[in-house]
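Novice: What follows is final-v1.cif, mmCIF, C-alpha atoms.
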```
data_data
loop_
_atom_site.label_atom_id
_atom_site.label_comp_id
_atom_site.auth_asym_id
_atom_site.auth_seq_id
_atom_site.Cartn_x
_atom_site.Cartn_y
_atom_site.Cartn_z
CA MET A 1 -24.18 52.35 55.29
CA ALA A 2 -21.73 53.66 52.71
CA LEU A 3 -22.50 54.89 49.21
CA ARG A 4 -20.73 53.94 46.05
CA PRO A 5 -18.40 56.76 45.02
CA GLU A 6 -19.64 57.23 41.45
CA PRO A 7 -21.88 60.32 41.12
CA THR A 8 -24.96 59.97 38.94
CA ALA A 9 -25.86 62.08 35.91
CA PRO A 10 -28.65 63.98 37.75
CA PHE A 11 -26.11 64.75 40.49
CA HIS A 12 -23.87 66.55 38.00
CA SER A 13 -26.86 68.52 36.63
CA VAL A 14 -27.88 69.58 40.13
CA GLN A 15 -24.34 70.64 41.02
CA HIS A 16 -24.33 72.88 37.96
CA ALA A 17 -27.81 74.21 38.78
CA LEU A 18 -26.72 75.09 42.31
CA ARG A 19 -23.78 77.05 40.92
CA VAL A 20 -26.19 79.02 38.73
CA LEU A 21 -28.51 79.69 41.68
CA GLU A 22 -25.60 80.90 43.81
CA VAL A 23 -24.75 83.48 41.15
CA VAL A 24 -28.38 84.56 40.76
CA ALA A 25 -28.75 84.92 44.53
CA LYS A 26 -25.72 87.24 44.65
CA HIS A 27 -27.30 89.63 42.13
CA SER A 28 -30.64 90.61 43.65
CA SER A 29 -31.31 93.18 40.90
CA GLY A 30 -30.75 90.63 38.14
CA VAL A 31 -27.87 89.03 36.26
CA SER A 32 -27.46 88.32 32.56
CA ASP A 33 -26.87 84.88 31.10
CA ALA A 34 -23.45 86.09 29.92
CA ALA A 35 -22.51 87.03 33.49
CA ILE A 36 -23.84 83.69 34.76
CA ALA A 37 -21.68 81.89 32.21
CA ARG A 38 -18.65 83.94 33.22
CA GLU A 39 -19.08 83.41 36.97
CA THR A 40 -20.03 79.72 36.84
CA ARG A 41 -17.61 78.89 34.00
CA LEU A 42 -20.28 76.62 32.55
CA PRO A 43 -20.35 76.21 28.75
CA ALA A 44 -23.16 77.83 26.79
CA HIS A 45 -24.84 74.55 25.86
CA GLN A 46 -25.21 73.57 29.53
CA LEU A 47 -26.68 76.93 30.48
CA ALA A 48 -29.05 76.65 27.51
CA GLU A 49 -30.44 73.51 29.17
CA LEU A 50 -30.27 74.62 32.81
CA LEU A 51 -31.85 78.07 32.62
CA PRO A 52 -35.13 76.96 30.97
CA MET A 53 -35.41 74.14 33.53
CA LEU A 54 -34.81 76.54 36.42
CA ARG A 55 -37.42 78.94 35.00
CA ARG A 56 -39.93 76.14 34.50
CA GLU A 57 -39.43 74.93 38.08
CA GLY A 58 -39.76 78.46 39.49
CA TYR A 59 -36.19 78.78 40.80
CA VAL A 60 -35.39 81.79 38.63
CA GLU A 61 -37.46 84.42 36.81
CA GLN A 62 -36.48 86.46 33.77
CA ILE A 63 -37.02 90.20 34.12
CA ALA A 64 -37.70 92.83 31.47
CA ASP A 65 -34.08 93.43 30.49
CA GLY A 66 -33.49 89.69 30.01
CA GLY A 67 -31.61 89.21 33.28
CA TYR A 68 -32.42 86.57 35.88
CA VAL A 69 -33.52 86.91 39.51
CA GLY A 70 -34.46 84.36 42.13
CA GLY A 71 -37.92 82.83 41.75
CA GLU A 72 -40.69 81.77 44.10
CA SER A 73 -39.49 78.18 44.46
CA LEU A 74 -36.02 79.34 45.46
CA SER A 75 -37.46 81.61 48.16
CA LEU A 76 -39.84 78.95 49.43
CA LEU A 77 -37.49 75.96 49.46
CA GLY A 78 -34.48 78.01 50.49
CA SER A 79 -36.12 79.12 53.73
CA ALA A 80 -35.18 77.26 56.90
CA GLY A 81 -38.54 77.70 58.57
CA SER A 82 -40.83 75.02 59.97
CA GLY A 83 -42.73 74.84 56.70
CA HIS A 84 -39.70 73.83 54.64
CA GLY A 85 -40.44 70.11 54.76
CA HIS A 86 -44.06 70.61 53.75
CA ALA A 87 -43.00 72.96 50.92
CA VAL A 88 -40.61 70.35 49.54
CA GLU A 89 -43.23 67.59 49.78
CA THR A 90 -45.84 69.75 48.06
CA LYS A 91 -43.50 70.70 45.21
CA LEU A 92 -42.43 67.09 44.73
CA GLN A 93 -46.05 65.90 44.64
CA LYS A 94 -46.94 68.51 42.01
CA ALA A 95 -43.90 67.45 39.99
CA LEU A 96 -44.85 63.78 40.29
CA THR A 97 -48.40 64.49 39.14
CA ALA A 98 -47.13 66.43 36.13
CA LEU A 99 -44.66 63.65 35.32
CA ARG A 100 -47.41 61.03 35.60
CA ASP A 101 -49.46 62.91 33.05
CA SER A 102 -46.56 63.51 30.68
CA VAL A 103 -45.35 59.90 30.59
CA GLY A 104 -48.76 58.25 31.01
CA ALA A 105 -47.58 56.03 33.85
CA ALA A 106 -47.70 55.76 37.61
CA VAL A 107 -44.58 57.38 39.08
CA TYR A 108 -42.86 56.97 42.43
CA LEU A 109 -40.26 58.56 44.69
CA SER A 110 -38.43 56.10 46.89
CA ARG A 111 -35.69 56.24 49.52
CA TYR A 112 -33.53 53.72 51.31
CA VAL A 113 -34.29 54.47 54.97
CA ASP A 114 -32.78 52.57 57.91
CA GLY A 115 -31.91 49.63 55.68
CA GLU A 116 -35.32 49.37 54.03
CA VAL A 117 -36.96 50.31 50.72
CA LYS A 118 -39.59 52.99 51.30
CA ILE A 119 -41.96 54.58 48.78
CA THR A 120 -42.17 58.15 50.06
CA GLN A 121 -44.53 59.64 47.45
CA TYR A 122 -46.29 58.53 44.29
CA ALA A 123 -48.78 59.70 41.69
CA ASP A 124 -51.16 57.34 39.91
CA GLY A 125 -54.61 57.48 38.37
CA PRO A 126 -57.50 55.35 37.05
CA ARG A 127 -55.71 54.73 33.75
CA MET A 128 -52.27 54.65 35.37
CA PRO A 129 -52.63 52.45 38.45
CA LYS A 130 -49.71 51.92 40.79
CA VAL A 131 -48.13 48.49 41.12
CA ASN A 132 -50.10 46.02 43.17
CA GLU A 133 -47.91 45.32 46.21
CA TRP A 134 -48.55 41.60 46.24
CA VAL A 135 -45.21 41.03 48.01
CA ASP A 136 -43.98 43.61 50.53
CA PHE A 137 -41.71 46.02 48.63
CA ARG A 138 -39.22 45.86 51.51
CA SER A 139 -38.68 42.18 50.77
CA ALA A 140 -38.45 42.50 47.00
CA ALA A 141 -35.62 44.94 46.28
CA HIS A 142 -33.79 42.30 44.25
CA ALA A 143 -36.71 42.05 41.81
CA MET A 144 -37.97 45.65 41.53
CA ALA A 145 -36.56 48.47 39.43
CA ILE A 146 -36.87 50.69 42.52
CA GLY A 147 -35.08 48.22 44.76
CA LYS A 148 -32.30 47.48 42.30
CA CYS A 149 -31.78 51.18 41.66
CA LEU A 150 -31.42 51.80 45.40
CA LEU A 151 -29.06 48.83 45.79
CA THR A 152 -26.82 50.12 42.97
CA GLN A 153 -26.17 53.18 45.14
CA LEU A 154 -24.96 51.14 48.13
CA ASP A 155 -21.48 49.75 48.53
CA HIS A 156 -20.78 46.01 48.64
CA ASP A 157 -21.23 45.75 52.41
CA GLY A 158 -24.48 47.70 52.30
CA ARG A 159 -25.90 45.30 49.72
CA ARG A 160 -24.70 42.28 51.69
CA ASP A 161 -26.40 43.62 54.78
CA HIS A 162 -29.67 44.13 52.91
CA LEU A 163 -29.68 40.68 51.34
CA SER A 164 -28.81 39.05 54.66
CA ARG A 165 -32.18 40.32 55.87
CA HIS A 166 -34.16 39.97 52.63
CA LYS A 167 -33.37 36.85 50.61
CA THR A 168 -33.48 36.78 46.81
CA VAL A 169 -36.57 34.60 46.53
CA ARG A 170 -38.22 33.86 43.19
CA LEU A 171 -41.29 36.02 42.57
CA THR A 172 -41.75 35.30 38.86
CA SER A 173 -39.94 33.16 36.31
CA ARG A 174 -37.81 36.24 35.46
CA THR A 175 -36.61 37.03 38.99
CA THR A 176 -32.85 36.91 39.55
CA THR A 177 -32.32 34.69 42.59
CA SER A 178 -28.53 34.30 42.47
CA GLU A 179 -26.82 36.92 44.64
CA LYS A 180 -23.68 36.60 42.54
CA VAL A 181 -25.57 37.31 39.33
CA LEU A 182 -27.50 40.14 40.98
CA PHE A 183 -24.32 41.80 42.25
CA ARG A 184 -22.73 41.51 38.81
CA LYS A 185 -25.76 43.21 37.24
CA LEU A 186 -25.73 45.97 39.86
CA ASP A 187 -22.00 46.60 39.39
CA SER A 188 -22.34 46.83 35.62
CA GLN A 189 -25.35 49.16 35.69
CA PRO A 190 -24.35 52.50 34.07
CA ALA A 191 -25.28 55.50 36.23
CA THR A 192 -26.85 57.26 33.23
CA VAL A 193 -29.07 54.32 32.16
CA PRO A 194 -32.42 53.60 33.89
CA VAL A 195 -32.67 50.35 35.86
CA LEU A 196 -35.39 48.09 34.47
CA ASP A 197 -37.76 45.47 35.87
CA LEU A 198 -39.26 43.40 33.07
CA GLN A 199 -41.86 41.31 34.93
CA GLU A 200 -39.34 40.40 37.63
CA TYR A 201 -41.52 41.56 40.52
CA ALA A 202 -44.98 41.00 39.05
CA VAL A 203 -46.21 39.27 35.91
CA GLY A 204 -47.81 41.82 33.59
CA THR A 205 -45.83 44.84 34.83
CA VAL A 206 -42.66 46.57 33.61
CA CYS A 207 -40.84 49.32 35.49
CA ALA A 208 -37.90 51.71 35.22
CA ALA A 209 -36.00 53.70 37.86
CA VAL A 210 -33.24 56.30 37.97
CA PRO A 211 -31.15 57.34 41.00
CA ILE A 212 -31.61 60.64 42.84
CA THR A 213 -29.04 60.73 45.63
CA ALA A 214 -28.82 63.85 47.79
CA GLY A 215 -25.89 63.81 50.21
CA HIS A 216 -26.10 60.60 52.22
CA SER A 217 -29.74 60.02 51.25
CA VAL A 218 -30.17 57.21 48.71
CA GLY A 219 -33.25 57.62 46.54
CA CYS A 220 -34.74 57.03 43.13
CA LEU A 221 -37.47 58.14 40.77
CA ALA A 222 -39.43 55.35 39.09
CA LEU A 223 -42.39 54.50 36.88
CA SER A 224 -44.50 51.43 36.15
CA LEU A 225 -46.47 50.35 33.10
CA PRO A 226 -48.72 47.38 32.34
CA LEU A 227 -47.13 44.87 29.98
CA ALA A 228 -49.49 45.94 27.19
CA HIS A 229 -47.68 49.30 27.20
CA ALA A 230 -44.16 47.87 27.35
CA HIS A 231 -43.44 49.40 23.94
CA ARG A 232 -43.56 52.81 25.65
CA LEU A 233 -41.06 51.91 28.35
CA ARG A 234 -37.93 53.16 26.56
CA GLN A 235 -39.34 56.63 25.84
CA ALA A 236 -40.94 56.86 29.29
CA ALA A 237 -37.64 55.93 30.93
CA TYR A 238 -35.87 58.62 28.90
CA THR A 239 -38.35 61.22 30.19
CA LEU A 240 -37.89 59.88 33.71
CA ASN A 241 -34.13 60.32 33.45
CA ARG A 242 -34.55 63.87 32.17
CA GLU A 243 -36.86 64.81 35.06
CA ALA A 244 -34.66 63.31 37.78
CA ALA A 245 -32.52 66.46 38.07
CA PRO A 246 -35.41 68.83 38.96
CA MET A 247 -36.62 66.32 41.57
CA LEU A 248 -33.15 66.04 43.07
CA LEU A 249 -32.78 69.82 43.08
CA SER A 250 -35.94 70.14 45.19
CA LEU A 251 -34.47 67.67 47.68
CA THR A 252 -31.09 69.40 47.74
CA ILE A 253 -32.02 73.05 48.32
#
```
Could I get this file's structure written as structure tokens?
Specialist:
Amino acid sequence: MALRPEPTAPFHSVQHALRVLEVVAKHSSGVSDAAIARETRLPAHQLAELLPMLRREGYVEQIADGGYVGGESLSLLGSAGSGHGHAVETKLQKALTALRDSVGAAVYLSRYVDGEVKITQYADGPRMPKVNEWVDFRSAAHAMAIGKCLLTQLDHDGRRDHLSRHKTVRLTSRTTTSEKVLFRKLDSQPATVPVLDLQEYAVGTVCAAVPITAGHSVGCLALSLPLAHAHRLRQAAYTLNREAAPMLLSLTI
């Protein structure tokens, strides 16, 4: 399976964050934001966004003189011990739960594994129920925001392979069943704009998804809302897009 060459917006943010963390790691006694800017060559406005995010996520801490040192999350996720996988999963679950509460929607992490759509983690609640899987998610990538977001990250042959095994059957009156039309939509999907599902998988449900690709691992972050809350989808999708970078960073370190 090959990936499309275009990097996503969260990818760029993570690349910049990793450059910041490399500088911080080199200065165990602390480094100023001016020195970080000088060594990373990142503009001030980008650092003004990155540093608060890295503090919030626990990757850096600010010491008394205003300098930055590595934080708990960096130590925990940066270790290569046997507990690394569990540490990543725990941090992601906490982040998903916080995101669920902030957007007021069920949220999901998904990956494309061995040619199949797989929900790896999710956070829902009594007032924010997850999508009812009335058709196996693995067979419905063409209709779901999650599935379409994963397919956008595959090359043409990868998509062809997937659809040769999972046909574009009609699930609702809004489902795209033409492979040609589906491919055209996937090709025209901007990397910085969330992929939407407006009752294409299930009547009464709307969804949004954004890509989080780490190396050769194709993934996405998604949310779902009942149709009665469709008016909140745009703002919720914006928040989802903003939070994709911290999620991807956890998967990358």
Novice: Sort by chain and increasing residue number a table of all residues of stretch 47-96 of chain A within 10 Å of stretch 103-112 of chain A, each with its closest pair of atoms and their distance in Å to one decimal, counting all atoms listed in the file, and write it as CSV.
Specialist:
```
residue,atom,partner,partner_atom,distance
A:Leu92,CA,A:Leu109,CA,8.8
A:Gln93,CA,A:Leu109,CA,9.3
A:Leu96,CA,A:Val107,CA,6.5
```
Novice: For each of A:Leu171, A:Val60, A:Ala145, A:Val88, take the minimum atom-to-atom distance to A:Val195, counting only C-alpha atoms, then give the residue where this is smallest.
Specialist: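 Looking only at the distances to A:Val195, the closest residue turns out to be A:Ala145.
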Novice: Convert the output of the PyMOL selection byres ((chain A and resi 201) around 10) on the shown file into explicit residues, formatted as an NGL selection string.
Specialist: :A and (131 or 133-135 or 137 or 140-145 or 170-176 or 197-200 or 202-207)
Novice: For a quick check of understanding, using only C-alpha atoms, which of A:Leu240, A:Val24, A:Ala48, A:Ala228 has the smallest distance to A:Asp101?
Specialist: A:Leu240
Novice: Selected by the PyMOL selection byres ((chain A and resi 37) around 12) in the shown coordinates: which residues, as a list in words?
Specialist: His16, Ala17, Arg19, Val20, Leu21, Val23, Val24, Val31, Ser32, Asp33, Ala34, Ala35, Ile36, Arg38, Glu39, Thr40, Arg41, Leu42, Pro43, Ala44, His45, Gln46, Leu47, Ala48, Leu50 and Leu51 of chain A
Novice: Include C-alpha atoms and write out the residues we just selected as a PDB file, keeping the file's coordinate frame.
Specialist:
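The resulting selection10.pdb:
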```pdb
ATOM      1  CA  HIS A  16     -24.330  72.880  37.960  1.00  0.00           C
ATOM      2  CA  ALA A  17     -27.810  74.210  38.780  1.00  0.00           C
ATOM      3  CA  ARG A  19     -23.780  77.050  40.920  1.00  0.00           C
ATOM      4  CA  VAL A  20     -26.190  79.020  38.730  1.00  0.00           C
ATOM      5  CA  LEU A  21     -28.510  79.690  41.680  1.00  0.00           C
ATOM      6  CA  VAL A  23     -24.750  83.480  41.150  1.00  0.00           C
ATOM      7  CA  VAL A  24     -28.380  84.560  40.760  1.00  0.00           C
ATOM      8  CA  VAL A  31     -27.870  89.030  36.260  1.00  0.00           C
ATOM      9  CA  SER A  32     -27.460  88.320  32.560  1.00  0.00           C
ATOM     10  CA  ASP A  33     -26.870  84.880  31.100  1.00  0.00           C
ATOM     11  CA  ALA A  34     -23.450  86.090  29.920  1.00  0.00           C
ATOM     12  CA  ALA A  35     -22.510  87.030  33.490  1.00  0.00           C
ATOM     13  CA  ILE A  36     -23.840  83.690  34.760  1.00  0.00           C
ATOM     14  CA  ARG A  38     -18.650  83.940  33.220  1.00  0.00           C
ATOM     15  CA  GLU A  39     -19.080  83.410  36.970  1.00  0.00           C
ATOM     16  CA  THR A  40     -20.030  79.720  36.840  1.00  0.00           C
ATOM     17  CA  ARG A  41     -17.610  78.890  34.000  1.00  0.00           C
ATOM     18  CA  LEU A  42     -20.280  76.620  32.550  1.00  0.00           C
ATOM     19  CA  PRO A  43     -20.350  76.210  28.750  1.00  0.00           C
ATOM     20  CA  ALA A  44     -23.160  77.830  26.790  1.00  0.00           C
ATOM     21  CA  HIS A  45     -24.840  74.550  25.860  1.00  0.00           C
ATOM     22  CA  GLN A  46     -25.210  73.570  29.530  1.00  0.00           C
ATOM     23  CA  LEU A  47     -26.680  76.930  30.480  1.00  0.00           C
ATOM     24  CA  ALA A  48     -29.050  76.650  27.510  1.00  0.00           C
ATOM     25  CA  LEU A  50     -30.270  74.620  32.810  1.00  0.00           C
ATOM     26  CA  LEU A  51     -31.850  78.070  32.620  1.00  0.00           C
TER      27      LEU A  51
END
```
